[in-house]
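Structure file run-v3.cif (mmCIF, C-alpha atoms) is printed below.
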```cif
data_model
#
loop_
_atom_site.label_atom_id
_atom_site.label_comp_id
_atom_site.auth_asym_id
_atom_site.auth_seq_id
_atom_site.Cartn_x
_atom_site.Cartn_y
_atom_site.Cartn_z
CA MET A 1 16.04 -13.93 5.93
CA SER A 2 16.43 -17.24 4.10
CA LYS A 3 14.68 -18.99 6.99
CA HIS A 4 11.78 -16.55 6.76
CA CYS A 5 11.47 -17.22 3.02
CA GLY A 6 11.40 -20.96 3.76
CA TYR A 7 8.78 -20.42 6.46
CA ARG A 8 6.65 -18.51 3.99
CA ARG A 9 6.94 -21.37 1.47
CA VAL A 10 6.00 -23.99 4.08
CA ALA A 11 2.97 -22.00 5.27
CA PHE A 12 1.75 -21.40 1.71
CA ASN A 13 2.03 -25.09 0.78
CA PHE A 14 0.28 -26.14 4.02
CA ALA A 15 -2.58 -23.74 3.30
CA LEU A 16 -2.87 -24.92 -0.31
CA SER A 17 -3.02 -28.57 0.78
CA SER A 18 -5.69 -27.73 3.35
CA PHE A 19 -7.71 -25.84 0.76
CA LYS A 20 -7.50 -28.78 -1.69
CA VAL A 21 -8.70 -31.18 1.02
CA GLY A 22 -11.67 -28.90 1.55
CA LEU A 23 -12.45 -28.83 -2.17
CA ASP A 24 -12.40 -32.65 -2.31
CA ALA A 25 -14.96 -32.66 0.51
CA ASP A 26 -17.10 -29.99 -1.24
CA GLU A 27 -16.09 -27.48 1.41
CA TRP A 28 -14.82 -23.97 0.72
CA ARG A 29 -12.29 -23.21 3.43
CA THR A 30 -11.74 -19.53 4.07
CA GLU A 31 -8.44 -17.86 4.78
CA GLN A 32 -9.35 -17.41 8.47
CA GLU A 33 -10.17 -21.11 8.89
CA ILE A 34 -6.91 -22.20 7.28
CA ARG A 35 -4.92 -19.79 9.44
CA LYS A 36 -6.50 -21.20 12.62
CA GLU A 37 -5.66 -24.73 11.45
CA PHE A 38 -2.07 -23.76 10.74
CA ASN A 39 -1.61 -21.93 14.06
CA ALA A 40 -2.86 -25.01 15.93
CA VAL A 41 -0.15 -27.31 14.54
CA LYS A 42 2.73 -25.06 13.46
CA TYR A 43 4.76 -25.35 16.70
CA ASP A 44 4.43 -29.13 16.66
CA LYS A 45 5.16 -29.73 12.99
CA PHE A 46 7.59 -26.84 12.47
CA ASP A 47 9.20 -26.24 15.86
CA TRP A 48 12.00 -24.27 14.17
CA CYS A 49 9.54 -21.47 13.39
CA LYS A 50 9.47 -20.30 17.02
CA GLU A 51 12.49 -18.08 16.42
CA LEU A 52 10.97 -16.53 13.29
CA SER A 53 8.49 -13.72 12.71
CA GLN A 54 4.95 -15.01 12.30
CA ASN A 55 4.26 -12.25 9.77
CA ALA A 56 5.84 -14.47 7.10
CA SER A 57 3.31 -17.28 7.58
CA LYS A 58 0.33 -14.97 8.11
CA ASN A 59 0.98 -13.06 4.90
CA ALA A 60 1.66 -16.30 2.98
CA ILE A 61 -1.78 -17.65 3.89
CA ARG A 62 -3.31 -14.31 2.99
CA ASP A 63 -1.56 -14.47 -0.39
CA LEU A 64 -3.14 -17.87 -0.99
CA GLY A 65 -6.54 -16.40 -0.13
CA ASP A 66 -6.02 -13.64 -2.68
CA ALA A 67 -4.88 -16.16 -5.32
CA VAL A 68 -7.91 -18.37 -4.72
CA THR A 69 -10.24 -15.37 -4.94
CA ARG A 70 -8.74 -14.37 -8.29
CA TRP A 71 -8.99 -17.98 -9.50
CA ARG A 72 -12.67 -18.08 -8.54
CA LYS A 73 -13.27 -14.90 -10.56
CA GLY A 74 -11.43 -16.35 -13.56
CA GLN A 75 -8.59 -13.84 -13.35
CA ASN A 76 -5.75 -16.39 -13.04
CA ARG A 77 -5.05 -20.11 -12.88
CA PHE A 78 -5.34 -22.29 -9.80
CA PRO A 79 -2.39 -21.70 -7.42
CA VAL A 80 0.43 -24.26 -7.39
CA TYR A 81 2.86 -25.38 -4.71
CA LYS A 82 6.02 -23.34 -4.16
CA ASN A 83 9.37 -25.12 -4.37
CA ARG A 84 12.86 -24.31 -3.13
CA SER A 85 14.06 -23.20 -6.56
CA GLY A 86 11.30 -20.60 -6.90
CA LYS A 87 11.37 -16.95 -5.93
CA CYS A 88 12.83 -16.41 -2.46
CA SER A 89 10.80 -13.67 -0.74
CA TYR A 90 8.50 -12.89 2.17
CA GLN A 91 6.45 -10.01 3.55
CA ALA A 92 8.04 -8.74 6.74
CA ASP A 93 5.38 -6.38 8.11
CA ASN A 94 1.95 -7.04 9.58
CA GLY A 95 0.38 -3.79 8.41
CA GLU A 96 0.66 -2.15 11.83
CA GLY A 97 3.94 -0.30 11.57
CA THR A 98 6.20 -3.13 12.76
CA VAL A 99 8.99 -2.13 10.36
CA GLU A 100 11.08 0.98 10.99
CA VAL A 101 13.37 2.77 8.55
CA HIS A 102 16.03 5.22 9.68
CA LYS A 103 18.35 6.65 7.05
CA LYS A 104 20.28 3.68 5.62
CA ARG A 105 18.95 1.12 8.10
CA ILE A 106 15.79 -0.94 8.34
CA ASN A 107 14.50 -2.79 11.40
CA LEU A 108 12.99 -6.15 10.41
CA PRO A 109 10.99 -8.22 12.95
CA LYS A 110 13.04 -11.00 14.61
CA ILE A 111 16.11 -9.94 12.60
CA GLY A 112 16.88 -6.46 13.85
CA TRP A 113 18.55 -3.52 12.18
CA VAL A 114 19.96 -4.24 8.72
CA ARG A 115 22.06 -1.82 6.67
CA MET A 116 20.81 -0.70 3.26
CA ARG A 117 22.72 0.64 0.27
CA GLU A 118 20.54 3.75 -0.05
CA GLU A 119 18.06 5.73 1.99
CA LEU A 120 14.31 5.51 1.55
CA ARG A 121 13.50 8.22 -0.97
CA TYR A 122 9.96 8.98 0.21
CA SER A 123 8.53 9.90 3.59
CA GLY A 124 5.16 8.75 4.85
CA GLU A 125 3.38 5.77 6.33
CA ILE A 126 5.00 2.40 5.55
CA THR A 127 2.23 0.07 4.37
CA LYS A 128 4.10 -2.93 2.96
CA VAL A 129 7.64 -4.37 3.17
CA ILE A 130 8.76 -7.23 0.89
CA VAL A 131 12.18 -8.82 1.41
CA SER A 132 13.44 -10.80 -1.59
CA LYS A 133 16.60 -12.48 -2.82
CA HIS A 134 17.87 -12.25 -6.37
CA ASN A 135 21.16 -13.75 -7.46
CA ASP A 136 22.53 -13.89 -3.88
CA THR A 137 21.64 -10.24 -3.32
CA TRP A 138 18.93 -9.22 -0.87
CA PHE A 139 16.47 -6.46 -1.72
CA VAL A 140 13.75 -4.78 0.29
CA SER A 141 10.75 -3.18 -1.39
CA VAL A 142 9.06 -0.60 0.84
CA THR A 143 5.61 0.73 -0.08
CA VAL A 144 4.96 4.18 1.38
CA ARG A 145 1.70 6.11 1.51
CA ARG A 146 2.73 9.67 0.75
CA LEU A 147 0.86 12.56 2.28
CA ASP A 148 1.65 14.87 -0.65
CA SER A 149 0.95 12.34 -3.43
CA ASP A 150 -1.19 14.86 -5.35
CA ASN A 151 1.77 17.18 -5.75
CA TYR A 152 4.08 14.37 -6.90
CA LYS A 153 2.91 14.60 -10.51
CA HIS A 154 4.01 18.21 -10.73
CA GLN A 155 7.62 18.05 -9.61
CA PRO A 156 9.94 20.86 -10.75
CA THR A 157 12.22 19.83 -13.59
CA LEU A 158 15.96 20.41 -13.83
CA PHE A 159 15.72 21.96 -17.30
CA ASP A 160 13.98 25.20 -18.34
CA ASP A 161 14.01 24.64 -22.10
CA ARG A 162 11.03 22.30 -22.14
CA GLN A 163 9.59 21.66 -25.59
CA PRO A 164 7.55 19.04 -27.49
CA ILE A 165 9.72 16.04 -28.37
CA GLY A 166 9.19 13.27 -30.87
CA ILE A 167 11.01 9.99 -30.20
CA ASP A 168 11.98 7.34 -32.71
CA VAL A 169 13.18 4.12 -31.10
CA GLY A 170 15.31 1.56 -32.86
CA ILE A 171 18.09 -0.99 -32.71
CA ASN A 172 21.11 1.02 -33.87
CA THR A 173 20.24 3.81 -31.45
CA LEU A 174 17.94 3.27 -28.50
CA ALA A 175 16.14 6.58 -29.01
CA THR A 176 16.52 9.48 -31.42
CA CYS A 177 14.75 12.69 -30.36
CA SER A 178 13.54 15.55 -32.49
CA ASN A 179 15.54 18.02 -30.37
CA GLY A 180 18.78 16.39 -31.56
CA ASP A 181 19.48 14.14 -28.56
CA ILE A 182 20.57 10.60 -29.37
CA TYR A 183 20.71 7.80 -26.79
CA ASP A 184 22.89 4.83 -27.64
CA ASN A 185 21.81 1.23 -27.35
CA PRO A 186 24.36 -0.57 -25.11
CA ARG A 187 23.46 -4.01 -26.56
CA PRO A 188 24.40 -5.91 -23.40
CA LEU A 189 23.40 -9.32 -24.76
CA LYS A 190 25.75 -8.92 -27.71
CA ARG A 191 28.57 -7.81 -25.39
CA PHE A 192 28.17 -10.79 -23.05
CA GLU A 193 27.13 -13.38 -25.62
CA ARG A 194 30.39 -15.36 -25.48
CA LYS A 195 30.50 -15.27 -21.69
CA LEU A 196 26.85 -16.37 -21.56
CA ALA A 197 27.57 -19.29 -23.89
CA ARG A 198 30.50 -20.42 -21.75
CA ALA A 199 28.39 -20.24 -18.59
CA ASN A 200 25.63 -22.30 -20.24
CA ARG A 201 28.13 -24.94 -21.36
CA ARG A 202 29.62 -25.07 -17.89
CA LEU A 203 26.18 -25.69 -16.36
CA SER A 204 25.23 -28.34 -18.92
CA ARG A 205 28.35 -30.38 -18.05
CA ARG A 206 27.58 -30.55 -14.34
CA GLN A 207 25.46 -33.21 -12.66
CA LYS A 208 22.16 -31.63 -11.77
CA GLY A 209 21.77 -31.09 -8.04
CA SER A 210 25.47 -31.31 -7.22
CA GLN A 211 27.43 -28.54 -5.51
CA ASN A 212 29.30 -27.74 -8.72
CA TRP A 213 25.96 -27.56 -10.52
CA TYR A 214 24.75 -24.94 -8.06
CA LYS A 215 28.00 -23.00 -8.47
CA ALA A 216 27.63 -23.04 -12.25
CA LYS A 217 24.00 -22.01 -11.94
CA LYS A 218 24.98 -19.09 -9.75
CA LEU A 219 27.60 -18.03 -12.31
CA LEU A 220 25.06 -18.18 -15.16
CA SER A 221 22.55 -16.23 -13.10
CA GLY A 222 25.16 -13.55 -12.48
CA VAL A 223 25.76 -13.09 -16.21
CA HIS A 224 22.03 -12.77 -16.89
CA ASP A 225 21.74 -10.32 -13.99
CA ARG A 226 24.58 -8.20 -15.38
CA ILE A 227 22.91 -8.06 -18.82
CA ALA A 228 19.56 -7.07 -17.34
CA ASN A 229 21.11 -4.37 -15.13
CA ILE A 230 22.99 -2.75 -18.03
CA ARG A 231 19.84 -2.70 -20.14
CA SER A 232 17.68 -1.33 -17.33
CA ASP A 233 20.22 1.37 -16.45
CA ALA A 234 20.36 2.57 -20.07
CA HIS A 235 16.55 2.75 -20.19
CA HIS A 236 16.28 4.70 -16.95
CA GLN A 237 19.08 7.12 -17.86
CA ALA A 238 17.51 7.90 -21.24
CA THR A 239 13.89 8.19 -20.08
CA VAL A 240 14.75 10.50 -17.17
CA ARG A 241 16.69 12.86 -19.44
CA ILE A 242 13.86 12.89 -21.98
CA VAL A 243 11.03 13.70 -19.55
CA ARG A 244 13.07 16.47 -17.91
CA LYS A 245 13.31 18.30 -21.23
CA ALA A 246 9.85 17.56 -22.65
CA SER A 247 6.58 19.49 -22.40
CA ALA A 248 4.85 16.90 -24.61
CA ILE A 249 6.05 13.60 -26.07
CA GLY A 250 5.19 11.82 -29.29
CA ILE A 251 6.03 8.12 -29.71
CA GLU A 252 5.26 5.38 -32.19
CA THR A 253 3.10 2.30 -31.65
CA LEU A 254 5.20 -0.82 -32.03
CA ASN A 255 3.96 -4.31 -32.82
CA ILE A 256 6.70 -6.02 -30.81
CA SER A 257 5.30 -9.55 -31.15
CA GLY A 258 5.04 -9.14 -34.91
CA MET A 259 8.55 -7.70 -35.22
CA LEU A 260 10.01 -10.60 -33.26
CA LYS A 261 8.81 -12.99 -35.96
CA ASN A 262 11.49 -11.58 -38.24
CA ARG A 263 14.40 -13.92 -37.49
CA LYS A 264 16.94 -11.44 -38.90
CA ILE A 265 16.30 -8.80 -36.24
CA ALA A 266 14.63 -10.82 -33.45
CA LYS A 267 17.74 -11.17 -31.26
CA ALA A 268 18.82 -7.53 -31.65
CA LEU A 269 15.24 -6.40 -31.00
CA SER A 270 15.02 -8.47 -27.83
CA ASP A 271 18.39 -7.11 -26.73
CA ALA A 272 17.11 -3.53 -27.07
CA ALA A 273 13.85 -4.30 -25.16
CA LEU A 274 11.99 -1.40 -26.77
CA GLY A 275 8.71 -2.34 -25.11
CA GLY A 276 10.27 -1.91 -21.67
CA PHE A 277 11.81 1.39 -22.72
CA LEU A 278 8.44 2.82 -23.82
CA THR A 279 6.76 1.54 -20.64
CA LYS A 280 9.29 3.37 -18.45
CA LEU A 281 8.88 6.51 -20.55
CA LYS A 282 5.09 6.44 -20.17
CA TYR A 283 4.96 6.13 -16.40
CA LYS A 284 7.66 8.75 -15.85
CA ALA A 285 5.87 11.18 -18.14
CA ASP A 286 2.57 10.48 -16.38
CA ARG A 287 4.15 11.26 -12.98
CA ARG A 288 5.20 14.67 -14.23
CA GLY A 289 1.93 15.43 -16.00
CA ILE A 290 3.51 15.32 -19.48
CA PRO A 291 1.00 14.32 -22.20
CA ILE A 292 2.04 11.50 -24.54
CA THR A 293 0.75 11.26 -28.10
CA GLN A 294 0.99 7.79 -29.60
CA ALA A 295 0.99 7.58 -33.39
CA ASP A 296 -1.12 5.07 -35.28
CA ARG A 297 0.52 1.68 -35.75
CA PHE A 298 0.49 2.04 -39.54
CA PHE A 299 1.79 5.63 -39.60
CA ALA A 300 4.88 5.62 -41.87
CA SER A 301 7.09 7.97 -39.85
CA SER A 302 10.29 6.88 -41.60
CA LYS A 303 8.90 7.09 -45.14
CA THR A 304 7.23 10.50 -44.73
CA CYS A 305 9.18 13.71 -45.32
CA SER A 306 9.11 15.89 -42.21
CA ASN A 307 9.59 19.02 -44.37
CA CYS A 308 6.92 18.71 -47.07
CA GLY A 309 4.91 15.66 -46.03
CA ASP A 310 5.61 13.60 -49.16
CA LYS A 311 5.56 9.86 -48.56
CA LYS A 312 7.95 7.45 -50.22
CA ALA A 313 6.61 4.24 -51.70
CA ASP A 314 9.55 2.18 -50.44
CA LEU A 315 12.45 2.70 -48.02
CA ASP A 316 15.07 0.01 -47.41
CA LEU A 317 16.59 -0.53 -43.98
CA SER A 318 20.04 0.04 -45.51
CA GLU A 319 19.13 3.67 -46.35
CA ARG A 320 20.25 5.53 -43.23
CA THR A 321 19.85 9.00 -44.78
CA TYR A 322 16.45 10.25 -45.90
CA HIS A 323 16.36 12.00 -49.32
CA CYS A 324 13.10 13.66 -50.38
CA SER A 325 12.62 13.66 -54.17
CA GLU A 326 9.97 16.40 -53.98
CA CYS A 327 11.56 19.18 -51.93
CA GLY A 328 15.18 17.99 -51.78
CA PHE A 329 15.13 17.74 -47.98
CA GLU A 330 17.89 15.52 -46.57
CA CYS A 331 18.62 14.36 -43.02
CA ASP A 332 19.24 11.26 -40.93
CA ARG A 333 16.53 8.64 -41.28
CA ASP A 334 15.82 8.40 -37.52
CA VAL A 335 15.82 12.17 -37.04
CA ASN A 336 13.28 12.52 -39.84
CA ALA A 337 11.02 9.95 -38.16
CA ALA A 338 11.37 11.73 -34.81
CA TYR A 339 10.31 15.04 -36.39
CA ASN A 340 7.19 13.34 -37.80
CA LEU A 341 6.32 11.96 -34.36
CA CYS A 342 6.80 15.29 -32.59
CA PRO A 343 3.42 16.57 -31.27
CA ALA A 344 2.29 19.98 -32.48
#
```
Please express the file's structure as structure tokens.
Amino acid sequence: MSKHCGYRRVAFNFALSSFKVGLDADEWRTEQEIRKEFNAVKYDKFDWCKELSQNASKNAIRDLGDAVTRWRKGQNRFPVYKNRSGKCSYQADNGEGTVEVHKKRINLPKIGWVRMREELRYSGEITKVIVSKHNDTWFVSVTVRRLDSDNYKHQPTLFDDRQPIGIDVGINTLATCSNGDIYDNPRPLKRFERKLARANRRLSRRQKGSQNWYKAKKLLSGVHDRIANIRSDAHHQATVRIVRKASAIGIETLNISGMLKNRKIAKALSDAALGGFLTKLKYKADRRGIPITQADRFFASSKTCSNCGDKKADLDLSERTYHCSECGFECDRDVNAAYNLCPA
């Protein structure tokens, strides 16, 4: 699989060089012309590619064609060369059903049957297979065209007590719901901060490019991977439980970029990754046909009393309990905000 990723990188860089030569000569070389040029010389220049699947090179040249098309339309920058330290991945299929999946096994061209950690969750026509490497772990992303995709948005839920739910997200608790559910923020960056600092120091003391440097880099990558996995797992666990209980969802509109300018909470805010949490919540609710109401950015959900509607002029972050001076209502600050965000 590493060889296929290298073959994909070589083919992409060859195609990019050929395209640049054409531009210098005022010639727009198409994807088909570049592929013919590469096929004519690949066995002479890269004789080691005979044992590899040609889908890797074909899809790499097609990816360059797509990148050039987007660049011509002004959608992205001009493509750059791929190096060894970049993302290690390749597309294994040719779009004609060359990849088979059977339970916990996948048959990759020129590689054979490879065991997987879990079964493919959806049945249908396999349209795209991407094999990638992340932190010395191999992943396969399988795109499936489902025959019953229209019914996917209306899956049965595991809970019968569905009701409108308002959600207040924060740093102390990841999400506080109006139905009383509270989802804790694991704060993985804070937990692994000392280990991350040690791994960074270890890498900085190694000579770049040496074997010990690569070992230290792998160790640092593993710490970052662990932090990201803990955060992602907490987000997925919370969002799945929320959408299974909700008939409608109300959330707040966060100015994440503006909040990150506050140096006192920037690190804790980045550790919580509230933007990613709300993104996961939105697409999971959309799959189940659950409407989401997003409050105005300047709606003061924390300052407004959920009982009488009175709005406080000022509310410090240290005040964790909301006290209404008009009606005497009293509850947790985050619960009060969640009640205000709950759709009618």
Neighbourhood query: residues within 12 Å of (8.0, -16.0, 5.2), file coordinates, counting all atoms listed in the file; return as an NGL selection string.
-> :A and (1-13 or 49 or 52-63 or 87-94 or 109-110 or 129-132)
Atoms kept (C-alpha atoms) for selection, written as a PDB file, in the coordinates of the input:
```pdb
ATOM      1  CA  MET A   1      16.040 -13.930   5.930  1.00  0.00           C
ATOM      2  CA  SER A   2      16.430 -17.240   4.100  1.00  0.00           C
ATOM      3  CA  LYS A   3      14.680 -18.990   6.990  1.00  0.00           C
ATOM      4  CA  HIS A   4      11.780 -16.550   6.760  1.00  0.00           C
ATOM      5  CA  CYS A   5      11.470 -17.220   3.020  1.00  0.00           C
ATOM      6  CA  GLY A   6      11.400 -20.960   3.760  1.00  0.00           C
ATOM      7  CA  TYR A   7       8.780 -20.420   6.460  1.00  0.00           C
ATOM      8  CA  ARG A   8       6.650 -18.510   3.990  1.00  0.00           C
ATOM      9  CA  ARG A   9       6.940 -21.370   1.470  1.00  0.00           C
ATOM     10  CA  VAL A  10       6.000 -23.990   4.080  1.00  0.00           C
ATOM     11  CA  ALA A  11       2.970 -22.000   5.270  1.00  0.00           C
ATOM     12  CA  PHE A  12       1.750 -21.400   1.710  1.00  0.00           C
ATOM     13  CA  ASN A  13       2.030 -25.090   0.780  1.00  0.00           C
ATOM     14  CA  CYS A  49       9.540 -21.470  13.390  1.00  0.00           C
ATOM     15  CA  LEU A  52      10.970 -16.530  13.290  1.00  0.00           C
ATOM     16  CA  SER A  53       8.490 -13.720  12.710  1.00  0.00           C
ATOM     17  CA  GLN A  54       4.950 -15.010  12.300  1.00  0.00           C
ATOM     18  CA  ASN A  55       4.260 -12.250   9.770  1.00  0.00           C
ATOM     19  CA  ALA A  56       5.840 -14.470   7.100  1.00  0.00           C
ATOM     20  CA  SER A  57       3.310 -17.280   7.580  1.00  0.00           C
ATOM     21  CA  LYS A  58       0.330 -14.970   8.110  1.00  0.00           C
ATOM     22  CA  ASN A  59       0.980 -13.060   4.900  1.00  0.00           C
ATOM     23  CA  ALA A  60       1.660 -16.300   2.980  1.00  0.00           C
ATOM     24  CA  ILE A  61      -1.780 -17.650   3.890  1.00  0.00           C
ATOM     25  CA  ARG A  62      -3.310 -14.310   2.990  1.00  0.00           C
ATOM     26  CA  ASP A  63      -1.560 -14.470  -0.390  1.00  0.00           C
ATOM     27  CA  LYS A  87      11.370 -16.950  -5.930  1.00  0.00           C
ATOM     28  CA  CYS A  88      12.830 -16.410  -2.460  1.00  0.00           C
ATOM     29  CA  SER A  89      10.800 -13.670  -0.740  1.00  0.00           C
ATOM     30  CA  TYR A  90       8.500 -12.890   2.170  1.00  0.00           C
ATOM     31  CA  GLN A  91       6.450 -10.010   3.550  1.00  0.00           C
ATOM     32  CA  ALA A  92       8.040  -8.740   6.740  1.00  0.00           C
ATOM     33  CA  ASP A  93       5.380  -6.380   8.110  1.00  0.00           C
ATOM     34  CA  ASN A  94       1.950  -7.040   9.580  1.00  0.00           C
ATOM     35  CA  PRO A 109      10.990  -8.220  12.950  1.00  0.00           C
ATOM     36  CA  LYS A 110      13.040 -11.000  14.610  1.00  0.00           C
ATOM     37  CA  VAL A 129       7.640  -4.370   3.170  1.00  0.00           C
ATOM     38  CA  ILE A 130       8.760  -7.230   0.890  1.00  0.00           C
ATOM     39  CA  VAL A 131      12.180  -8.820   1.410  1.00  0.00           C
ATOM     40  CA  SER A 132      13.440 -10.800  -1.590  1.00  0.00           C
TER      41      SER A 132
END
```
Quote the spacing between atom CA of Ser306 of chain A and atom CA of Ser247 of chain A in Å to one decimal place.
->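 Straight-line distance from atom CA of Ser306 of chain A to atom CA of Ser247 of chain A works out to 20.3 Å.
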I would like the residues chosen by the PyMOL selection byres ((chain A and resi 122) around 12) on the shown file; could you give them as JSON, numbers by chain?
-> {"A": [101, 102, 103, 118, 119, 120, 121, 123, 124, 125, 126, 142, 143, 144, 145, 146, 147, 148, 149, 152]}
What residues come out when you apply the PyMOL selection byres ((chain A and resi 187) around 8) to this file, written as number ranges by chain?
-> A: 185-186, 188-191, 231, 268, 271-272
Kindly give the distance, in Å, that separates atom CA of Gly166 of chain A and atom CA of Lys245 of chain A, rounded to a single decimal.
->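 Between atom CA of Gly166 of chain A and atom CA of Lys245 of chain A the gap works out to 11.6 Å.
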Would you mind reading off the distance between atom CA of Gln32 of chain A and atom CA of Ser17 of chain A, one decimal, in Å?
->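 Atom-to-atom, atom CA of Gln32 of chain A to atom CA of Ser17 of chain A, that is 15.0 Å.
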Name the closest residue to Asp66 of chain A among the candidates A:His235, A:Val21, A:Ile230, A:Leu16; distances are taken between atoms, counting only C-alpha atoms.
->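 Closest to Asp66 of chain A of all the choices is A:Leu16.
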Taking the point (7.9, 7.7, -30.4) as given in the file, collect each protein or nucleic acid residue that comes within 12 Å of it, counting all atoms listed in the file, and present the set as a ChimeraX atom specification.
-> /A:164-170,174-178,239,242,248-254,274-275,277-279,281-282,292-297,299,301-302,334-343
Include C-alpha atoms and write out the residues we just selected as a tab-separated table (two decimals), in the frame of the given file.
```
chain	number	residue	atom	x	y	z
A	164	PRO	CA	7.55	19.04	-27.49
A	165	ILE	CA	9.72	16.04	-28.37
A	166	GLY	CA	9.19	13.27	-30.87
A	167	ILE	CA	11.01	9.99	-30.20
A	168	ASP	CA	11.98	7.34	-32.71
A	169	VAL	CA	13.18	4.12	-31.10
A	170	GLY	CA	15.31	1.56	-32.86
A	174	LEU	CA	17.94	3.27	-28.50
A	175	ALA	CA	16.14	6.58	-29.01
A	176	THR	CA	16.52	9.48	-31.42
A	177	CYS	CA	14.75	12.69	-30.36
A	178	SER	CA	13.54	15.55	-32.49
A	239	THR	CA	13.89	8.19	-20.08
A	242	ILE	CA	13.86	12.89	-21.98
A	248	ALA	CA	4.85	16.90	-24.61
A	249	ILE	CA	6.05	13.60	-26.07
A	250	GLY	CA	5.19	11.82	-29.29
A	251	ILE	CA	6.03	8.12	-29.71
A	252	GLU	CA	5.26	5.38	-32.19
A	253	THR	CA	3.10	2.30	-31.65
A	254	LEU	CA	5.20	-0.82	-32.03
A	274	LEU	CA	11.99	-1.40	-26.77
A	275	GLY	CA	8.71	-2.34	-25.11
A	277	PHE	CA	11.81	1.39	-22.72
A	278	LEU	CA	8.44	2.82	-23.82
A	279	THR	CA	6.76	1.54	-20.64
A	281	LEU	CA	8.88	6.51	-20.55
A	282	LYS	CA	5.09	6.44	-20.17
A	292	ILE	CA	2.04	11.50	-24.54
A	293	THR	CA	0.75	11.26	-28.10
A	294	GLN	CA	0.99	7.79	-29.60
A	295	ALA	CA	0.99	7.58	-33.39
A	296	ASP	CA	-1.12	5.07	-35.28
A	297	ARG	CA	0.52	1.68	-35.75
A	299	PHE	CA	1.79	5.63	-39.60
A	301	SER	CA	7.09	7.97	-39.85
A	302	SER	CA	10.29	6.88	-41.60
A	334	ASP	CA	15.82	8.40	-37.52
A	335	VAL	CA	15.82	12.17	-37.04
A	336	ASN	CA	13.28	12.52	-39.84
A	337	ALA	CA	11.02	9.95	-38.16
A	338	ALA	CA	11.37	11.73	-34.81
A	339	TYR	CA	10.31	15.04	-36.39
A	340	ASN	CA	7.19	13.34	-37.80
A	341	LEU	CA	6.32	11.96	-34.36
A	342	CYS	CA	6.80	15.29	-32.59
A	343	PRO	CA	3.42	16.57	-31.27
```
One residue among A:Tyr283, A:Phe298, A:Trp213, A:Phe78 is nearest to Phe19 of chain A when using all atoms listed in the file, and that residue is A:Phe78
Option closest in space to Ser85 of chain A, from A:Lys36, A:His134, A:Lys128, A:Arg201 [counting all atoms listed in the file] =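 Using all atoms listed in the file, the shortest distance to Ser85 of chain A belongs to A:His134.
With all atoms listed in the file taken into account, the protein and nucleic acid residues at most 9 Å from Phe192 of chain A (excluding it and anything under 4 positions from it in its own chain) are A:Arg187, A:Pro188, A:Leu196, A:Ala197, A:Val223, A:His224, A:Arg226, A:Ile227.
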How would segment 181-189 of chain A look with N, CA, C and O atoms restored, written as a PDB file, in the frame of the given file?
```pdb
ATOM      1  N   ASP A 181      18.855  15.075 -29.503  1.00  0.00           N
ATOM      2  CA  ASP A 181      19.480  14.140 -28.560  1.00  0.00           C
ATOM      3  C   ASP A 181      19.400  12.720 -29.100  1.00  0.00           C
ATOM      4  O   ASP A 181      18.366  12.288 -29.616  1.00  0.00           O
ATOM      5  N   ILE A 182      20.497  11.992 -28.947  1.00  0.00           N
ATOM      6  CA  ILE A 182      20.570  10.600 -29.370  1.00  0.00           C
ATOM      7  C   ILE A 182      21.069   9.769 -28.197  1.00  0.00           C
ATOM      8  O   ILE A 182      22.081  10.099 -27.571  1.00  0.00           O
ATOM      9  N   TYR A 183      20.357   8.683 -27.905  1.00  0.00           N
ATOM     10  CA  TYR A 183      20.710   7.800 -26.790  1.00  0.00           C
ATOM     11  C   TYR A 183      21.109   6.448 -27.369  1.00  0.00           C
ATOM     12  O   TYR A 183      20.324   5.788 -28.054  1.00  0.00           O
ATOM     13  N   ASP A 184      22.340   6.051 -27.072  1.00  0.00           N
ATOM     14  CA  ASP A 184      22.890   4.830 -27.640  1.00  0.00           C
ATOM     15  C   ASP A 184      22.283   3.588 -27.021  1.00  0.00           C
ATOM     16  O   ASP A 184      21.882   3.585 -25.850  1.00  0.00           O
ATOM     17  N   ASN A 185      22.262   2.538 -27.808  1.00  0.00           N
ATOM     18  CA  ASN A 185      21.810   1.230 -27.350  1.00  0.00           C
ATOM     19  C   ASN A 185      23.035   0.436 -26.876  1.00  0.00           C
ATOM     20  O   ASN A 185      23.924   0.148 -27.675  1.00  0.00           O
ATOM     21  N   PRO A 186      23.142   0.107 -25.596  1.00  0.00           N
ATOM     22  CA  PRO A 186      24.360  -0.570 -25.110  1.00  0.00           C
ATOM     23  C   PRO A 186      24.518  -1.999 -25.612  1.00  0.00           C
ATOM     24  O   PRO A 186      25.617  -2.542 -25.564  1.00  0.00           O
ATOM     25  N   ARG A 187      23.431  -2.631 -26.063  1.00  0.00           N
ATOM     26  CA  ARG A 187      23.460  -4.010 -26.560  1.00  0.00           C
ATOM     27  C   ARG A 187      24.180  -4.960 -25.601  1.00  0.00           C
ATOM     28  O   ARG A 187      25.192  -5.572 -25.935  1.00  0.00           O
ATOM     29  N   PRO A 188      23.691  -5.086 -24.389  1.00  0.00           N
ATOM     30  CA  PRO A 188      24.400  -5.910 -23.400  1.00  0.00           C
ATOM     31  C   PRO A 188      24.449  -7.389 -23.755  1.00  0.00           C
ATOM     32  O   PRO A 188      25.435  -8.065 -23.454  1.00  0.00           O
ATOM     33  N   LEU A 189      23.390  -7.904 -24.394  1.00  0.00           N
ATOM     34  CA  LEU A 189      23.400  -9.320 -24.760  1.00  0.00           C
ATOM     35  C   LEU A 189      24.501  -9.619 -25.763  1.00  0.00           C
ATOM     36  O   LEU A 189      25.190 -10.642 -25.660  1.00  0.00           O
TER      37      LEU A 189
END
```
